[in-house]
$ cat entry-v4.pdb   # PDB, C-alpha atoms, pLDDT in the B column
ATOM      1  CA  MET A   1       5.019 -31.836  -6.938  1.00 75.00           C
ATOM      2  CA  SER A   2       7.915 -29.437  -6.576  1.00 90.00           C
ATOM      3  CA  ARG A   3       7.105 -25.828  -5.792  1.00 96.00           C
ATOM      4  CA  VAL A   4       8.104 -22.296  -6.658  1.00 97.00           C
ATOM      5  CA  VAL A   5       7.864 -20.215  -3.492  1.00 96.00           C
ATOM      6  CA  VAL A   6       7.704 -16.433  -3.979  1.00 96.00           C
ATOM      7  CA  GLY A   7       8.117 -13.826  -1.257  1.00 94.00           C
ATOM      8  CA  VAL A   8       5.614 -11.008  -1.802  1.00 95.00           C
ATOM      9  CA  SER A   9       5.681  -7.593  -0.141  1.00 92.00           C
ATOM     10  CA  GLY A  10       3.878  -5.440  -2.698  1.00 87.00           C
ATOM     11  CA  SER A  11       7.075  -3.681  -3.825  1.00 86.00           C
ATOM     12  CA  LEU A  12       8.081  -3.435  -7.485  1.00 85.00           C
ATOM     13  CA  GLY A  13      10.759  -6.056  -6.842  1.00 87.00           C
ATOM     14  CA  SER A  14       8.283  -8.509  -5.348  1.00 91.00           C
ATOM     15  CA  LEU A  15       5.890  -7.997  -8.285  1.00 93.00           C
ATOM     16  CA  ALA A  16       8.761  -8.790 -10.664  1.00 92.00           C
ATOM     17  CA  ALA A  17       9.547 -11.854  -8.516  1.00 94.00           C
ATOM     18  CA  LEU A  18       5.904 -12.963  -8.630  1.00 96.00           C
ATOM     19  CA  ARG A  19       5.872 -12.753 -12.435  1.00 96.00           C
ATOM     20  CA  ALA A  20       9.181 -14.638 -12.665  1.00 96.00           C
ATOM     21  CA  GLY A  21       7.944 -17.247 -10.196  1.00 97.00           C
ATOM     22  CA  ALA A  22       4.776 -17.802 -12.216  1.00 97.00           C
ATOM     23  CA  ARG A  23       6.867 -18.212 -15.372  1.00 96.00           C
ATOM     24  CA  GLU A  24       9.099 -20.787 -13.632  1.00 96.00           C
ATOM     25  CA  ALA A  25       6.061 -22.651 -12.268  1.00 97.00           C
ATOM     26  CA  ARG A  26       4.415 -22.689 -15.702  1.00 96.00           C
ATOM     27  CA  LEU A  27       7.563 -23.917 -17.481  1.00 95.00           C
ATOM     28  CA  GLY A  28       8.343 -26.592 -14.894  1.00 95.00           C
ATOM     29  CA  GLY A  29       4.790 -27.749 -14.183  1.00 95.00           C
ATOM     30  CA  ARG A  30       5.248 -26.728 -10.545  1.00 96.00           C
ATOM     31  CA  GLU A  31       2.954 -25.357  -7.871  1.00 97.00           C
ATOM     32  CA  LEU A  32       3.242 -21.598  -7.276  1.00 97.00           C
ATOM     33  CA  VAL A  33       3.210 -20.682  -3.578  1.00 98.00           C
ATOM     34  CA  ALA A  34       3.019 -16.930  -2.961  1.00 98.00           C
ATOM     35  CA  VAL A  35       3.857 -15.921   0.600  1.00 97.00           C
ATOM     36  CA  VAL A  36       3.391 -12.616   2.356  1.00 97.00           C
ATOM     37  CA  VAL A  37       4.915 -12.478   5.835  1.00 94.00           C
ATOM     38  CA  TRP A  38       3.730  -9.977   8.419  1.00 92.00           C
ATOM     39  CA  SER A  39       4.559  -9.064  11.983  1.00 89.00           C
ATOM     40  CA  PRO A  40       3.174  -6.435  14.386  1.00 88.00           C
ATOM     41  CA  PRO A  41       4.508  -2.975  13.493  1.00 84.00           C
ATOM     42  CA  GLU A  42       5.912  -2.438  16.982  1.00 80.00           C
ATOM     43  CA  GLY A  43       7.591  -5.854  16.975  1.00 80.00           C
ATOM     44  CA  GLU A  44       6.788  -9.195  18.511  1.00 79.00           C
ATOM     45  CA  GLY A  45       8.326  -8.330  21.882  1.00 81.00           C
ATOM     46  CA  LEU A  46       6.076  -5.379  22.621  1.00 80.00           C
ATOM     47  CA  PHE A  47       3.043  -7.151  21.165  1.00 79.00           C
ATOM     48  CA  ALA A  48       3.687 -10.102  23.514  1.00 81.00           C
ATOM     49  CA  ARG A  49       3.501  -7.705  26.466  1.00 82.00           C
ATOM     50  CA  PHE A  50       0.263  -6.098  25.253  1.00 81.00           C
ATOM     51  CA  PRO A  51      -1.470  -8.588  22.949  1.00 85.00           C
ATOM     52  CA  ASP A  52      -4.599  -7.521  21.107  1.00 86.00           C
ATOM     53  CA  LYS A  53      -6.347 -10.043  18.861  1.00 88.00           C
ATOM     54  CA  ALA A  54      -8.333  -7.342  17.054  1.00 90.00           C
ATOM     55  CA  TRP A  55      -5.156  -5.538  15.968  1.00 87.00           C
ATOM     56  CA  ALA A  56      -3.516  -8.804  14.948  1.00 88.00           C
ATOM     57  CA  ALA A  57      -6.558  -9.654  12.819  1.00 92.00           C
ATOM     58  CA  LEU A  58      -6.375  -6.210  11.193  1.00 91.00           C
ATOM     59  CA  TRP A  59      -2.673  -6.572  10.334  1.00 91.00           C
ATOM     60  CA  GLU A  60      -3.248 -10.054   8.957  1.00 93.00           C
ATOM     61  CA  ALA A  61      -6.135  -8.764   6.816  1.00 96.00           C
ATOM     62  CA  GLU A  62      -3.894  -5.982   5.482  1.00 95.00           C
ATOM     63  CA  ALA A  63      -1.250  -8.570   4.583  1.00 95.00           C
ATOM     64  CA  ALA A  64      -3.880 -10.646   2.755  1.00 96.00           C
ATOM     65  CA  GLU A  65      -4.949  -7.514   0.835  1.00 96.00           C
ATOM     66  CA  THR A  66      -1.312  -6.910  -0.119  1.00 95.00           C
ATOM     67  CA  LEU A  67      -1.121 -10.425  -1.547  1.00 96.00           C
ATOM     68  CA  ASP A  68      -4.402 -10.099  -3.444  1.00 96.00           C
ATOM     69  CA  ARG A  69      -3.363  -6.692  -4.798  1.00 94.00           C
ATOM     70  CA  ALA A  70      -0.021  -8.125  -5.959  1.00 94.00           C
ATOM     71  CA  PHE A  71      -1.791 -10.850  -7.952  1.00 96.00           C
ATOM     72  CA  GLY A  72      -4.148  -8.244  -9.389  1.00 93.00           C
ATOM     73  CA  GLU A  73      -1.316  -5.933 -10.425  1.00 91.00           C
ATOM     74  CA  ALA A  74       0.905  -8.705 -11.780  1.00 92.00           C
ATOM     75  CA  PHE A  75      -1.685 -10.844 -13.596  1.00 93.00           C
ATOM     76  CA  GLY A  76      -5.167  -9.415 -13.155  1.00 91.00           C
ATOM     77  CA  GLY A  77      -6.007 -12.465 -10.967  1.00 91.00           C
ATOM     78  CA  ASP A  78      -4.397 -15.896 -10.884  1.00 92.00           C
ATOM     79  CA  PRO A  79      -1.685 -16.488 -13.502  1.00 95.00           C
ATOM     80  CA  ALA A  80      -2.720 -18.502 -16.542  1.00 93.00           C
ATOM     81  CA  GLY A  81      -1.089 -21.837 -17.244  1.00 94.00           C
ATOM     82  CA  VAL A  82       0.207 -22.494 -13.725  1.00 95.00           C
ATOM     83  CA  PRO A  83      -0.850 -25.983 -12.525  1.00 94.00           C
ATOM     84  CA  ALA A  84      -1.627 -24.909  -8.948  1.00 95.00           C
ATOM     85  CA  VAL A  85      -1.550 -21.612  -7.064  1.00 97.00           C
ATOM     86  CA  ARG A  86      -1.519 -21.280  -3.302  1.00 97.00           C
ATOM     87  CA  ARG A  87      -1.519 -18.001  -1.360  1.00 97.00           C
ATOM     88  CA  LEU A  88      -0.148 -17.952   2.183  1.00 97.00           C
ATOM     89  CA  VAL A  89      -0.360 -15.154   4.749  1.00 97.00           C
ATOM     90  CA  LEU A  90       1.999 -15.984   7.599  1.00 96.00           C
ATOM     91  CA  ARG A  91       3.162 -14.205  10.722  1.00 92.00           C
ATOM     92  CA  GLY A  92       6.841 -14.141  11.605  1.00 90.00           C
ATOM     93  CA  ASP A  93      10.278 -13.050  10.496  1.00 88.00           C
ATOM     94  CA  PRO A  94      10.391 -12.842   6.666  1.00 87.00           C
ATOM     95  CA  GLY A  95      13.689 -14.679   6.211  1.00 86.00           C
ATOM     96  CA  ARG A  96      12.959 -17.514   8.628  1.00 89.00           C
ATOM     97  CA  THR A  97       9.393 -17.925   7.416  1.00 92.00           C
ATOM     98  CA  LEU A  98      10.330 -18.069   3.736  1.00 92.00           C
ATOM     99  CA  ARG A  99      13.100 -20.582   4.504  1.00 90.00           C
ATOM    100  CA  ALA A 100      10.586 -22.740   6.389  1.00 92.00           C
ATOM    101  CA  VAL A 101       8.059 -22.667   3.537  1.00 94.00           C
ATOM    102  CA  ALA A 102      10.730 -23.395   0.912  1.00 91.00           C
ATOM    103  CA  GLY A 103      12.230 -26.122   3.053  1.00 88.00           C
ATOM    104  CA  ARG A 104      12.654 -28.848   0.434  1.00 92.00           C
ATOM    105  CA  SER A 105      15.695 -29.148  -1.789  1.00 91.00           C
ATOM    106  CA  ASP A 106      13.545 -29.389  -4.943  1.00 94.00           C
ATOM    107  CA  ASP A 107      11.786 -26.072  -4.210  1.00 94.00           C
ATOM    108  CA  LEU A 108      12.770 -22.817  -5.884  1.00 94.00           C
ATOM    109  CA  LEU A 109      12.622 -19.665  -3.768  1.00 93.00           C
ATOM    110  CA  VAL A 110      12.089 -16.418  -5.698  1.00 93.00           C
ATOM    111  CA  ILE A 111      12.546 -12.980  -4.148  1.00 91.00           C
ATOM    112  CA  GLY A 112      12.681  -9.472  -5.552  1.00 88.00           C
ATOM    113  CA  GLY A 113      15.232  -6.821  -4.890  1.00 78.00           C
ATOM    114  CA  ARG A 114      16.708  -3.517  -5.908  1.00 66.00           C
ATOM    115  CA  PRO A 115      20.266  -3.231  -7.218  1.00 62.00           C
ATOM    116  CA  ARG A 116      21.133  -0.413  -4.817  1.00 58.00           C
ATOM    117  CA  ARG A 117      20.119  -2.467  -1.786  1.00 53.00           C
ATOM    118  CA  GLY A 118      22.061  -5.625  -2.621  1.00 53.00           C
ATOM    119  CA  TYR A 119      19.199  -7.449  -4.371  1.00 51.00           C
ATOM    120  CA  GLY A 120      16.937  -8.321  -1.511  1.00 52.00           C
ATOM    121  CA  GLY A 121      18.616  -6.464   1.334  1.00 57.00           C
ATOM    122  CA  ARG A 122      19.019  -8.133   4.706  1.00 57.00           C
ATOM    123  CA  VAL A 123      16.324 -10.721   4.020  1.00 61.00           C
ATOM    124  CA  GLY A 124      17.827 -11.632   0.646  1.00 58.00           C
ATOM    125  CA  ARG A 125      21.335 -12.038   2.052  1.00 58.00           C
ATOM    126  CA  GLY A 126      20.022 -14.308   4.805  1.00 60.00           C
ATOM    127  CA  LEU A 127      18.025 -16.392   2.364  1.00 67.00           C
ATOM    128  CA  ARG A 128      20.870 -16.842  -0.098  1.00 64.00           C
ATOM    129  CA  GLY A 129      23.188 -17.895   2.701  1.00 66.00           C
ATOM    130  CA  ARG A 130      20.890 -20.294   4.563  1.00 69.00           C
ATOM    131  CA  ALA A 131      18.214 -21.643   2.201  1.00 78.00           C
ATOM    132  CA  VAL A 132      18.232 -25.385   1.434  1.00 76.00           C
ATOM    133  CA  CYS A 133      16.906 -24.769  -2.080  1.00 86.00           C
ATOM    134  CA  PRO A 134      18.037 -22.572  -4.959  1.00 89.00           C
ATOM    135  CA  VAL A 135      17.217 -18.862  -4.551  1.00 87.00           C
ATOM    136  CA  LEU A 136      16.406 -16.724  -7.572  1.00 87.00           C
ATOM    137  CA  THR A 137      16.660 -12.972  -6.981  1.00 87.00           C
ATOM    138  CA  VAL A 138      14.772 -10.883  -9.526  1.00 88.00           C
ATOM    139  CA  PRO A 139      15.731  -7.219  -9.878  1.00 85.00           C
ATOM    140  CA  ALA A 140      13.048  -4.582  -9.631  1.00 82.00           C
ATOM    141  CA  PRO A 141      12.523  -2.387 -12.672  1.00 78.00           C
ATOM    142  CA  VAL A 142      14.842   0.586 -12.523  1.00 75.00           C
ATOM    143  CA  LEU A 143      13.253   3.986 -13.067  1.00 71.00           C
ATOM    144  CA  PRO A 144      15.395   6.991 -13.953  1.00 73.00           C
ATOM    145  CA  GLY A 145      16.057   9.307 -11.022  1.00 73.00           C
ATOM    146  CA  ALA A 146      14.166  12.182 -12.650  1.00 78.00           C
ATOM    147  CA  TRP A 147      11.026  10.038 -12.886  1.00 73.00           C
ATOM    148  CA  LEU A 148      11.318   8.979  -9.264  1.00 71.00           C
ATOM    149  CA  ARG A 149      11.617  12.602  -8.109  1.00 79.00           C
ATOM    150  CA  ARG A 150       8.577  13.580 -10.180  1.00 78.00           C
ATOM    151  CA  LEU A 151       6.546  10.639  -8.889  1.00 74.00           C
ATOM    152  CA  ARG A 152       7.288  11.630  -5.298  1.00 77.00           C
ATOM    153  CA  ARG A 153       5.911  15.127  -5.970  1.00 81.00           C
ATOM    154  CA  ALA A 154       2.915  13.932  -7.992  1.00 78.00           C
ATOM    155  CA  THR A 155      -0.620  14.632  -6.846  1.00 79.00           C
ATOM    156  CA  PRO A 156      -3.795  12.642  -7.598  1.00 75.00           C
ATOM    157  CA  ALA A 157      -4.677  15.140 -10.312  1.00 77.00           C
ATOM    158  CA  ASP A 158      -1.505  14.106 -12.173  1.00 74.00           C
ATOM    159  CA  PHE A 159      -2.995  10.643 -12.664  1.00 70.00           C
ATOM    160  CA  ALA A 160      -6.608  11.630 -13.378  1.00 67.00           C
ATOM    161  CA  ALA A 161      -8.042   9.925 -16.446  1.00 61.00           C
ATOM    162  CA  GLY A 162      -9.204  12.228 -19.175  1.00 54.00           C
ATOM    163  CA  GLY A 163      -7.826  15.386 -17.673  1.00 50.00           C
ATOM    164  CA  GLY A 164      -5.524  16.864 -15.144  1.00 47.00           C
ATOM    165  CA  ALA A 165      -1.819  17.336 -15.480  1.00 48.00           C
ATOM    166  CA  ALA A 166       0.614  14.759 -16.751  1.00 48.00           C
ATOM    167  CA  VAL A 167       4.049  13.935 -15.433  1.00 46.00           C
ATOM    168  CA  ARG A 168       6.427  13.910 -18.381  1.00 50.00           C
ATOM    169  CA  PRO A 169      10.197  14.052 -18.657  1.00 49.00           C
ATOM    170  CA  GLY A 170      11.416  17.610 -18.520  1.00 48.00           C
ATOM    171  CA  ARG A 171       8.322  18.931 -16.738  1.00 46.00           C
ATOM    172  CA  GLY A 172       7.576  19.184 -13.044  1.00 45.00           C
ATOM    173  CA  ALA A 173       4.775  17.316 -11.385  1.00 44.00           C
ATOM    174  CA  GLY A 174       1.547  19.260 -11.188  1.00 44.00           C
ATOM    175  CA  ARG A 175       2.236  21.395 -14.250  1.00 42.00           C
ATOM    176  CA  PRO A 176      -0.094  21.069 -17.211  1.00 42.00           C
ATOM    177  CA  SER A 177       1.320  19.172 -20.172  1.00 41.00           C
TER     178      SER A 177
END
$ encode --input "entry-v4.pdb" --output "structure tokens"
Amino acid sequence: MSRVVVGVSGSLGSLAALRAGAREARLGGRELVAVVVWSPPEGEGLFARFPDKAWAALWEAEAAETLDRAFGEAFGGDPAGVPAVRRLVLRGDPGRTLRAVAGRSDDLLVIGGRPRRGYGGRVGRGLRGRAVCPVLTVPAPVLPGAWLRRLRRATPADFAAGGGAAVRPGRGAGRPS
């Protein structure tokens, strides 16, 4: 069975890629393989000098939570109508790891990106240039700049259900609507 491999990071672009990957898997009767790649925050070199299995387990658990949260936000669980779904949490360099997982010519690799960062940034450029399978780059939803500025200033009260302030165009965050 051919596969649709999706790189997941939890960003808006990766959620859009996960939805597009599920659609491609459903339409083609393919397996959906969602991959989140993690590495130690300080880098592999420093971690090799001072390894700590407890920290590595924590970072891997956080990566698994990111993957579960992405499925929850994108579909509310596993996507309907997809023949098979596999979730992978792998340690390594994102570009190399995704290329290794999507290593067959009949695979489809799906990544998300933002238009301002070259649709996938450094990882996306490396994947498009070196992958052995087709690479589909899905743009993240674009929010107007005013909304982004308001969201950055928002407080938890701005999102409270049944009360609190609302963030609306033309009004600052934290002001009553």
$ resolve_selection --input "entry-v4.pdb" --expression "the PyMOL selection byres ((chain A and resi 50-66) around 7)" --output "ChimeraX atom specification"
/A:10,36,38,46-49,67-70,89
$ residues_around --input "entry-v4.pdb" --residues "A:Gly92" --least-positions-apart "5" --cutoff "9 Å" --atoms "all atoms listed in the file" --output "list in words"
Val37, Trp38, Ser39, Pro40, Glu44 and Thr97 of chain A
$ write_last_selection --input "entry-v4.pdb" --atoms "C-alpha atoms" --output "PDB file, in the frame of the given file"
ATOM      1  CA  VAL A  37       4.915 -12.478   5.835  1.00 94.00           C
ATOM      2  CA  TRP A  38       3.730  -9.977   8.419  1.00 92.00           C
ATOM      3  CA  SER A  39       4.559  -9.064  11.983  1.00 89.00           C
ATOM      4  CA  PRO A  40       3.174  -6.435  14.386  1.00 88.00           C
ATOM      5  CA  GLU A  44       6.788  -9.195  18.511  1.00 79.00           C
ATOM      6  CA  THR A  97       9.393 -17.925   7.416  1.00 92.00           C
TER       7      THR A  97
END
$ atom_distance --input "entry-v4.pdb" --atom1 "atom CA of A:Gly7" --atom2 "atom CA of A:Val33"
8.7 Å
$ closest_residue --input "entry-v4.pdb" --among "A:Gly103, A:Gly77, A:Pro156, A:Pro141" --to "A:Val5" --atoms "all atoms listed in the file"
A:Gly103
$ resolve_selection --input "entry-v4.pdb" --expression "the PyMOL selection byres ((chain A and resi 74) around 10)" --output "PyMOL selection string"
chain A and resi 12+14-19+22+68-73+75-79
$ resolve_selection --input "entry-v4.pdb" --expression "the PyMOL selection byres ((chain A and resi 110) around 12)" --output "VMD selection string"
chain A and resid 3 to 8 13 to 25 32 to 35 98 to 99 101 to 102 107 to 109 111 to 113 119 to 120 124 127 to 128 131 133 to 139
$ atom_distance --input "entry-v4.pdb" --atom1 "atom CA of A:Arg26" --atom2 "atom CA of A:Ala100"
22.9 Å
$ atom_distance --input "entry-v4.pdb" --atom1 "atom CA of A:Ser105" --atom2 "atom CA of A:Ser2"
9.1 Å
